[in-house]
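A.B. asks: One file: target_37.txt (compact mmCIF, C-alpha atoms).
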# COMPACT_ATOMS: atom_id res chain seq x y z
CA MET A 1044 6.13 -14.82 -52.79
CA ARG A 1045 6.51 -17.88 -50.56
CA ARG A 1046 9.20 -16.19 -48.55
CA ARG A 1047 7.00 -13.16 -48.02
CA ASN A 1048 4.09 -15.31 -46.70
CA PHE A 1049 6.46 -17.16 -44.39
CA LEU A 1050 7.84 -13.91 -43.02
CA ARG A 1051 4.34 -12.49 -42.53
CA ASP A 1052 3.19 -15.69 -40.78
CA PHE A 1053 6.32 -15.72 -38.63
CA LEU A 1054 5.74 -12.14 -37.53
CA MET A 1055 2.14 -12.97 -36.55
CA ILE A 1056 3.32 -15.36 -33.81
CA PRO A 1057 4.31 -12.62 -31.32
CA VAL A 1058 1.07 -10.77 -32.04
CA LEU A 1059 -1.01 -13.89 -31.38
CA LEU A 1060 0.95 -14.76 -28.24
CA THR A 1061 0.54 -11.24 -26.88
CA GLY A 1062 -3.19 -11.40 -27.56
CA CYS A 1063 -3.52 -14.77 -25.81
CA VAL A 1064 -1.61 -13.57 -22.75
CA ALA A 1065 -3.68 -10.37 -22.56
CA PHE A 1066 -6.92 -12.36 -22.90
CA GLY A 1067 -5.80 -14.78 -20.16
CA LEU A 1068 -4.93 -11.93 -17.78
CA ILE A 1069 -8.29 -10.24 -18.37
CA VAL A 1070 -10.22 -13.49 -17.80
CA ASN A 1071 -8.19 -14.20 -14.65
CA GLN A 1072 -8.98 -10.77 -13.18
CA HIS A 1073 -12.71 -11.40 -13.65
CA ARG A 1074 -12.68 -14.79 -11.90
CA GLN A 1075 -14.32 -15.09 -8.49
CA SER A 1076 -10.89 -15.91 -7.04
CA PRO A 1077 -8.15 -14.92 -9.48
CA LEU A 1078 -5.11 -17.14 -9.78
CA PRO A 1079 -1.89 -15.59 -8.47
CA LEU A 1080 0.52 -14.45 -11.14
CA VAL A 1081 3.54 -15.34 -9.03
CA TYR A 1082 4.02 -18.73 -7.38
CA SER A 1083 4.20 -18.85 -3.61
CA SER A 1084 4.90 -21.93 -1.51
CA PRO A 1085 2.17 -23.66 0.53
CA GLU A 1086 3.80 -22.23 3.66
CA ALA A 1087 3.70 -18.70 2.28
CA ARG A 1088 0.07 -19.05 1.15
CA LEU A 1089 -0.96 -20.35 4.57
CA LYS A 1090 0.94 -17.56 6.33
CA SER A 1091 -0.87 -15.03 4.15
CA ALA A 1092 -4.24 -16.63 4.97
CA VAL A 1093 -3.51 -16.60 8.71
CA THR A 1094 -2.45 -12.95 8.53
CA SER A 1095 -5.62 -11.97 6.67
CA ILE A 1096 -7.77 -13.82 9.24
CA GLY A 1097 -6.04 -11.88 12.00
CA ALA A 1098 -3.33 -13.84 13.78
CA LYS A 1099 -2.77 -12.97 17.41
CA PRO A 1100 0.74 -12.17 18.62
CA SER A 1101 2.52 -15.51 18.77
CA SER A 1102 3.41 -16.87 22.17
CA THR A 1103 6.62 -18.72 22.89
CA ALA A 1104 4.74 -21.99 23.43
CA SER A 1105 4.74 -24.51 20.61
CA LEU A 1106 2.45 -27.32 19.53
CA GLY A 1107 1.72 -29.97 22.13
CA ALA A 1108 3.07 -33.52 22.17
CA ASP A 1109 2.13 -35.75 19.26
CA VAL A 1110 -0.84 -38.09 19.52
CA ASP A 1111 -0.26 -41.80 18.82
CA LYS A 1112 -2.70 -44.18 17.15
CA LYS A 1113 -4.07 -45.58 20.42
CA GLU A 1114 -4.77 -42.11 21.83
CA MET A 1115 -6.28 -41.01 18.51
CA LEU A 1116 -8.70 -43.94 18.60
CA ARG A 1117 -9.77 -42.93 22.12
CA ILE A 1118 -10.16 -39.27 21.12
CA SER A 1119 -12.27 -40.22 18.11
CA ALA A 1120 -14.52 -42.44 20.25
CA ASP A 1121 -15.00 -40.16 23.26
CA HIS A 1122 -14.83 -36.78 21.45
CA SER A 1123 -12.35 -35.47 24.02
CA ALA A 1124 -10.70 -33.25 21.40
CA LEU A 1125 -11.68 -31.57 18.17
CA ILE A 1126 -10.19 -33.56 15.25
CA LEU A 1127 -9.24 -31.65 12.12
CA ASP A 1128 -8.26 -33.19 8.79
CA ALA A 1129 -5.73 -31.01 6.93
CA ARG A 1130 -5.95 -32.96 3.65
CA PRO A 1131 -7.73 -31.50 0.62
CA GLN A 1132 -11.55 -31.56 0.86
CA THR A 1133 -11.84 -34.25 -1.84
CA PHE A 1134 -9.76 -36.71 0.17
CA PHE A 1135 -11.75 -35.90 3.30
CA GLU A 1136 -14.99 -36.73 1.50
CA LEU A 1137 -13.57 -40.06 0.30
CA GLY A 1138 -12.79 -41.07 3.88
CA HIS A 1139 -11.74 -39.62 7.21
CA ILE A 1140 -11.38 -40.39 10.90
CA PRO A 1141 -14.82 -40.45 12.57
CA SER A 1142 -15.87 -37.10 14.08
CA ALA A 1143 -13.14 -35.23 12.15
CA LEU A 1144 -13.87 -31.93 10.45
CA SER A 1145 -12.20 -30.77 7.26
CA LEU A 1146 -9.77 -27.85 7.55
CA PRO A 1147 -7.61 -28.29 4.45
CA ARG A 1148 -4.26 -26.53 4.27
CA ASP A 1149 -4.81 -25.67 0.61
CA ASP A 1150 -8.07 -23.78 1.33
CA PHE A 1151 -7.38 -22.76 4.92
CA GLU A 1152 -8.84 -19.24 4.97
CA LYS A 1153 -12.24 -20.15 3.49
CA SER A 1154 -12.56 -23.37 5.50
CA TYR A 1155 -11.48 -21.68 8.74
CA GLN A 1156 -14.10 -18.99 8.28
CA SER A 1157 -16.84 -21.56 7.64
CA LEU A 1158 -15.79 -23.50 10.79
CA GLN A 1159 -15.25 -20.45 12.99
CA LYS A 1160 -18.41 -20.99 15.09
CA ILE A 1161 -17.35 -24.58 15.78
CA LEU A 1162 -13.71 -23.63 16.44
CA SER A 1163 -14.34 -20.62 18.69
CA PRO A 1164 -15.03 -22.64 21.89
CA TYR A 1165 -11.70 -24.48 21.43
CA TRP A 1166 -9.27 -21.65 22.29
CA GLY A 1167 -7.94 -23.60 25.28
CA LYS A 1168 -9.40 -27.04 24.56
CA PRO A 1169 -7.61 -29.91 22.81
CA ILE A 1170 -7.41 -29.94 19.02
CA VAL A 1171 -5.73 -32.73 17.04
CA VAL A 1172 -4.74 -32.21 13.39
CA TYR A 1173 -3.79 -34.95 10.93
CA CYS A 1174 -3.13 -35.33 7.21
CA SER A 1175 -2.13 -38.15 4.86
CA ASP A 1176 0.89 -39.74 6.53
CA SER A 1177 4.04 -39.07 8.51
CA GLY A 1178 5.65 -37.40 5.47
CA CYS A 1179 2.79 -34.94 4.98
CA ARG A 1180 3.51 -31.43 6.30
CA ASP A 1181 -0.06 -30.15 5.99
CA SER A 1182 -1.01 -31.11 9.56
CA GLN A 1183 2.08 -29.31 10.89
CA LEU A 1184 1.29 -26.20 8.85
CA VAL A 1185 -2.38 -26.15 9.87
CA GLY A 1186 -1.45 -26.80 13.51
CA GLU A 1187 1.02 -23.92 13.49
CA ALA A 1188 -1.55 -21.67 11.79
CA LEU A 1189 -4.13 -22.47 14.46
CA HIS A 1190 -1.55 -21.80 17.14
CA LYS A 1191 -0.77 -18.40 15.60
CA LEU A 1192 -4.50 -17.68 15.61
CA GLY A 1193 -4.56 -18.22 19.38
CA TYR A 1194 -5.46 -21.89 19.86
CA GLN A 1195 -3.21 -23.04 22.67
CA ASN A 1196 -3.78 -26.81 22.88
CA VAL A 1197 -3.00 -28.04 19.35
CA ARG A 1198 -1.45 -31.49 18.82
CA LEU A 1199 -0.64 -33.60 15.77
CA PHE A 1200 -1.43 -37.17 14.80
CA ARG A 1201 1.60 -37.56 12.53
CA GLY A 1202 0.78 -41.09 11.34
CA GLY A 1203 -2.28 -39.58 9.73
CA TRP A 1204 -4.81 -41.23 7.48
CA ASP A 1205 -2.43 -43.95 6.27
CA GLU A 1206 -1.63 -45.17 9.77
CA TRP A 1207 -5.33 -45.07 10.65
CA ILE A 1208 -6.55 -47.14 7.69
CA ASN A 1209 -3.57 -49.53 7.80
CA ALA A 1210 -4.64 -50.39 11.36
CA ASP A 1211 -8.15 -51.13 9.99
CA LEU A 1212 -9.75 -48.58 12.32
CA PRO A 1213 -13.26 -47.17 11.75
CA THR A 1214 -13.72 -44.53 9.06
CA GLN A 1215 -16.42 -42.20 7.79
CA GLN A 1216 -17.15 -41.01 4.28
CA GLY A 1217 -18.83 -37.95 2.89
CA CYS A 1218 -18.98 -34.49 4.27
CA ASP A 1219 -21.33 -32.88 6.76
CA CYS A 1220 -19.65 -29.58 6.04
CA GLY A 1221 -22.47 -27.27 6.98
CA ASP A 1222 -22.43 -25.47 3.61
Before we go any further, please render this structure as structure tokens.
C.D. replies:
Amino acid sequence: MRRRNFLRDFLMIPVLLTGCVAFGLIVNQHRQSPLPLVYSSPEARLKSAVTSIGAKPSSTASLGADVDKKEMLRISADHSALILDARPQTFFELGHIPSALSLPRDDFEKSYQSLQKILSPYWGKPIVVYCSDSGCRDSQLVGEALHKLGYQNVRLFRGGWDEWINADLPTQQGCDCGD
């Protein structure tokens, strides 16, 4: 009798697992933005977002020369370039370079579309993108995405947020995101 109950209980495991997986798939399909079933790298997700926005044929030109801390301070003060923060929105809200706008790599398509009116006059004007630090690739990925979308004067501040705050330079908090 005990063996029979054990066998019955053991056979219920695949049935329960199948039910849980099916339930999860159904719930996922009814989400506002369903989670992908297959992992894709940040680069692949950004490439997909840029393609869906409508990337222009890529020119042979590449991103402009990097911006150093001194030049970044000047740009922030005189607003001579559009500054974009490629870090996640949460980090942007906790603190960012003054006059920067949030264009996070991890939510590029949605953020780009909400900033499109602000970005549209910058096709040939200077844009500087930064992220967390020199090891962060998000600014490079966002810069390349903007370049593929037709923005021709995109540069990077590779030292990013860490270099900025370690130099005790002015910061802003919060988000005037326009939403």
A.B. asks: One number please: CA of Arg1198 (chain A) to CA of Asp1111 (chain A), in Å, one decimal.
C.D. replies: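 Here the two named atoms are 10.4 Å from each other.
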A.B. asks: Would you kindly return, as a list in words, each protein, DNA or RNA residue with an atom no farther than 10 Å from any atom of region 1058-1069 of chain A, considering all atoms listed in the file and excluding same-chain residues fewer than 5 positions away?
C.D. replies: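 Once the nearby chain positions are removed, what remains is Phe1053, Arg1074, Pro1077, Leu1078 and Leu1080 of chain A.
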A.B. asks: Enumerate, in order of chain and increasing residue number, the residues of region 1101-1151 of chain A with an atom no farther than 12 Å from region 1180-1192 of chain A, each with its shortest atom pair and distance in Å to one decimal, counting only C-alpha atoms, as a tab-separated table.
C.D. replies:
residue	atom	partner	partner_atom	distance
A:Ser1101	CA	A:Lys1191	CA	5.4
A:Ser1102	CA	A:Lys1191	CA	7.9
A:Thr1103	CA	A:Lys1191	CA	10.4
A:Ala1104	CA	A:His1190	CA	8.9
A:Ser1105	CA	A:His1190	CA	7.7
A:Leu1106	CA	A:Glu1187	CA	7.1
A:Gly1107	CA	A:Gly1186	CA	9.7
A:Ala1108	CA	A:Gly1186	CA	11.9
A:Asp1109	CA	A:Gln1183	CA	10.6
A:Ile1126	CA	A:Ser1182	CA	11.1
A:Leu1127	CA	A:Ser1182	CA	8.6
A:Asp1128	CA	A:Ser1182	CA	7.6
A:Ala1129	CA	A:Ser1182	CA	5.4
A:Arg1130	CA	A:Asp1181	CA	6.9
A:Pro1131	CA	A:Asp1181	CA	9.5
A:Ser1145	CA	A:Val1185	CA	11.2
A:Leu1146	CA	A:Val1185	CA	7.9
A:Pro1147	CA	A:Val1185	CA	7.8
A:Arg1148	CA	A:Asp1181	CA	5.8
A:Asp1149	CA	A:Asp1181	CA	8.5
A:Asp1150	CA	A:Val1185	CA	10.5
A:Phe1151	CA	A:Val1185	CA	7.8
A.B. asks: In Å to one decimal, how far is CA of Phe1200 (chain A) from CA of Pro1164 (chain A)?
C.D. replies: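 These two atoms are separated by 21.1 Å.
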A.B. asks: Could you work out how far CA of Cys1179 (chain A) lies from CA of Val1081 (chain A), giving the answer in Å with one decimal?
C.D. replies: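 For CA of Val1081 (chain A) relative to CA of Cys1179 (chain A), the distance reads 24.1 Å.
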A.B. asks: Which of these residues is nearest to Leu1137 (chain A), using all atoms listed in the file: A:Phe1049, A:Ile1161, A:Trp1204, A:Leu1054?
C.D. replies: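 Residue with the minimum atom-to-atom distance to Leu1137 (chain A): A:Trp1204.
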A.B. asks: Around the point (-13.8, -42.6, 13.1) (coordinates from the file), which residues reach within 7 Å if we count only C-alpha atoms? Answer as a list of chain:residue names.
C.D. replies: A:Ser1119, A:His1139, A:Ile1140, A:Pro1141, A:Ser1142, A:Pro1213, A:Thr1214, A:Gln1215
A.B. asks: Go through A:Val1171, A:Lys1112, A:Lys1160, A:Tyr1194 and flag the residue nearest Ile1208 (chain A), using all atoms listed in the file for the distances.
C.D. replies: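 Of A:Val1171, A:Lys1112, A:Lys1160, A:Tyr1194, the one nearest Ile1208 (chain A), counting all atoms listed in the file, is A:Lys1112.
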A.B. asks: Counting all atoms listed in the file, what is within 12 Å of Val1110 (chain A), bar same-chain residues fewer than 5 positions away, as a VMD selection string?
C.D. replies: chain A and resid 1115 to 1119 1124 1126 1169 to 1173 1197 to 1203
A.B. asks: Determine the nearest neighbour of Trp1207 (chain A) from the options A:Lys1113, A:Leu1144, A:Gly1178, A:Gly1193, counting only C-alpha atoms.
C.D. replies: A:Lys1113
